[in-house]
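As structure tokens, the structure follows; a few thoughts come after it.
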Amino acid sequence: MAPVKELTVGQVAMRSGVAVSALHFYEARGLIRSHRTSGNQRRYGRDVLRRVAIIRVAQEVGISLAEIGAALESLPDGRTPTREDWNLLSTAWRDNLDRKINQLKKLRDGLTDCIGCGCMSIDKCPLRNREDRLSAQGPGARRLLVES
């Protein structure tokens with residue numbers, strides 16, 4: 001039996017573990033592509049399975065759909081992404097991921113003393129910004145931000 005060259009949306013959902021509605025969403029965002037049969041049913045090339053896997057992994061580590069879309073646009077249509085393709089994508093995301101990891105570590109370490117405190121010791125809190133003194137440095141939680 002010859003391998004199936006095209007997959008229905010249900011087959012892609014089952015094989016990828018992604019809901020049909022998510023596949024429709026990815027398609028509407030231009031992250032994946034399908035074509036329509038004469039009966040107006042979606043059909044996907046087998047390469048969509050690897051693309052969906054890349055989308056899921058990237059989302060899991062906090063990469064935005066906009067960044068994922070920009071990266072996937074660099075891949076050729078109709079071809080399963082290769083190891084080299086993945087290497088290029090992951091390398092491009094590395095600096096951003098390193099920054100996010102550092103931010104999360106700082107947040108974790110800064111909140112260790114706060115968990116369970118209920119701000120009973122607000123006058124001793126290392127995150128406190130008394131009288132908004134840090135506002136000159138910019139918006140947001142200045143003590144928790146990691147410099148880029």
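As shown in the structure tokens, the chain order sets the letters A, B, ...; within each chain, residues go from 1, and ligands are also counted from 1 in the order they appear.
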(Q) Env of Leu31 of chain A: 9 Å cut, atoms = only C-alpha atoms, seq-sep filter 3 positions within chain, self excluded. Answer as an MDAnalysis selection string. (A) chainID A and resid 25:28 51:52 55 65 68:70 72:73
For the residues in the current selection, export N, CA and C atoms as a tab-separated table (two decimals), in the first residue's frame.
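selection-v1.tsv, written as the output of this step:
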```tsv
chain	number	residue	atom	x	y	z
A	25	PHE	N	-7.11	27.68	12.89
A	25	PHE	CA	-6.50	28.93	13.36
A	25	PHE	C	-5.11	29.11	12.77
A	26	TYR	N	-4.29	28.08	12.82
A	26	TYR	CA	-2.94	28.16	12.25
A	26	TYR	C	-3.01	28.48	10.76
A	27	GLU	N	-3.96	27.87	10.09
A	27	GLU	CA	-4.10	28.12	8.66
A	27	GLU	C	-4.54	29.56	8.39
A	28	ALA	N	-5.47	30.06	9.19
A	28	ALA	CA	-5.93	31.44	9.03
A	28	ALA	C	-4.78	32.43	9.27
A	51	ARG	N	5.57	20.85	10.42
A	51	ARG	CA	5.32	22.27	10.68
A	51	ARG	C	4.50	22.45	11.97
A	52	VAL	N	3.48	21.63	12.14
A	52	VAL	CA	2.67	21.72	13.36
A	52	VAL	C	3.52	21.36	14.57
A	55	ILE	N	5.52	24.38	15.42
A	55	ILE	CA	4.65	25.38	16.04
A	55	ILE	C	4.41	25.04	17.51
A	65	LEU	N	3.27	33.59	18.13
A	65	LEU	CA	2.85	33.12	16.81
A	65	LEU	C	3.40	34.01	15.70
A	68	ILE	N	6.89	32.79	15.15
A	68	ILE	CA	6.82	31.47	14.51
A	68	ILE	C	6.47	31.64	13.03
A	69	GLY	N	5.49	32.49	12.76
A	69	GLY	CA	5.09	32.73	11.37
A	69	GLY	C	6.22	33.28	10.53
A	70	ALA	N	6.95	34.23	11.08
A	70	ALA	CA	8.08	34.81	10.34
A	70	ALA	C	9.13	33.74	10.05
A	72	LEU	N	8.64	30.41	9.87
A	72	LEU	CA	8.13	29.41	8.94
A	72	LEU	C	8.08	29.94	7.51
A	73	GLU	N	7.95	31.25	7.35
A	73	GLU	CA	7.97	31.82	6.00
A	73	GLU	C	9.31	31.61	5.31
```
Q: Compile the contact shell of Ser34 of chain A as a list in words: residues with an atom at most 9 Å away, counting only C-alpha atoms, same-chain residues fewer than 5 positions apart removed.
A: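 That gives Glu27, Arg42, Arg43, Tyr44, Gly45 and Val48 of chain A.
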Could you take the residues named above and write them with N, CA and C atoms, as a short mmCIF file (atom, residue, chain, number, x, y, z; two decimals), in the first residue's frame?
```cif
data_model
loop_
_atom_site.label_atom_id
_atom_site.label_comp_id
_atom_site.auth_asym_id
_atom_site.auth_seq_id
_atom_site.Cartn_x
_atom_site.Cartn_y
_atom_site.Cartn_z
N GLU A 27 -3.96 27.87 10.09
CA GLU A 27 -4.10 28.12 8.66
C GLU A 27 -4.54 29.56 8.39
N ARG A 42 -10.73 20.33 3.09
CA ARG A 42 -9.31 20.65 3.21
C ARG A 42 -8.46 19.39 3.05
N ARG A 43 -7.32 19.56 2.40
CA ARG A 43 -6.32 18.52 2.31
C ARG A 43 -4.96 19.16 2.58
N TYR A 44 -4.16 18.46 3.35
CA TYR A 44 -2.83 18.94 3.74
C TYR A 44 -1.77 18.00 3.21
N GLY A 45 -0.63 18.57 2.82
CA GLY A 45 0.52 17.76 2.49
C GLY A 45 1.10 17.19 3.77
N VAL A 48 2.95 19.13 6.64
CA VAL A 48 2.25 19.92 7.66
C VAL A 48 2.46 19.33 9.05
#
```
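Restricting the calculation to only C-alpha atoms, the smallest distance between Glu6 of chain A and any of A:Arg29, A:Arg56, A:Arg46, A:His24 is found for A:Arg46.
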(Q) I'd like the contact shell of Arg50 of chain A - 10 Å cut-off, only C-alpha atoms, skipping same-chain residues fewer than 5 positions apart - returned as a ChimeraX atom specification. (A) /A:16,55-56,79-82
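Nearest residue to Ile54 of chain A, choosing from A:Asn102, A:Gln137, A:Asn96, A:Asn87 and counting only C-alpha atoms: A:Asn87.
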Q) Using only C-alpha atoms, which residue out of A:Asn40, A:Trp93, A:Ala53, A:Leu88 lies closest to Gly17 of chain A? A) A:Ala53
Q: Find, counting only C-alpha atoms, the residue in A:Ala136, A:Leu97, A:Leu89, A:Leu7 that gets nearest to Thr37 of chain A.
A: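 Of A:Ala136, A:Leu97, A:Leu89, A:Leu7, the one nearest Thr37 of chain A is A:Leu7, counting only C-alpha atoms.
Inside segment 19-122 of chain A, the residues DSSP reads as strand (DSSP E) when given the backbone are His35, Arg36, Arg42, Arg43, Tyr44 and Gly45 of chain A.
The space between atom CA of Val20 of chain A and atom CA of Arg33 of chain A spans 13.6 Å.
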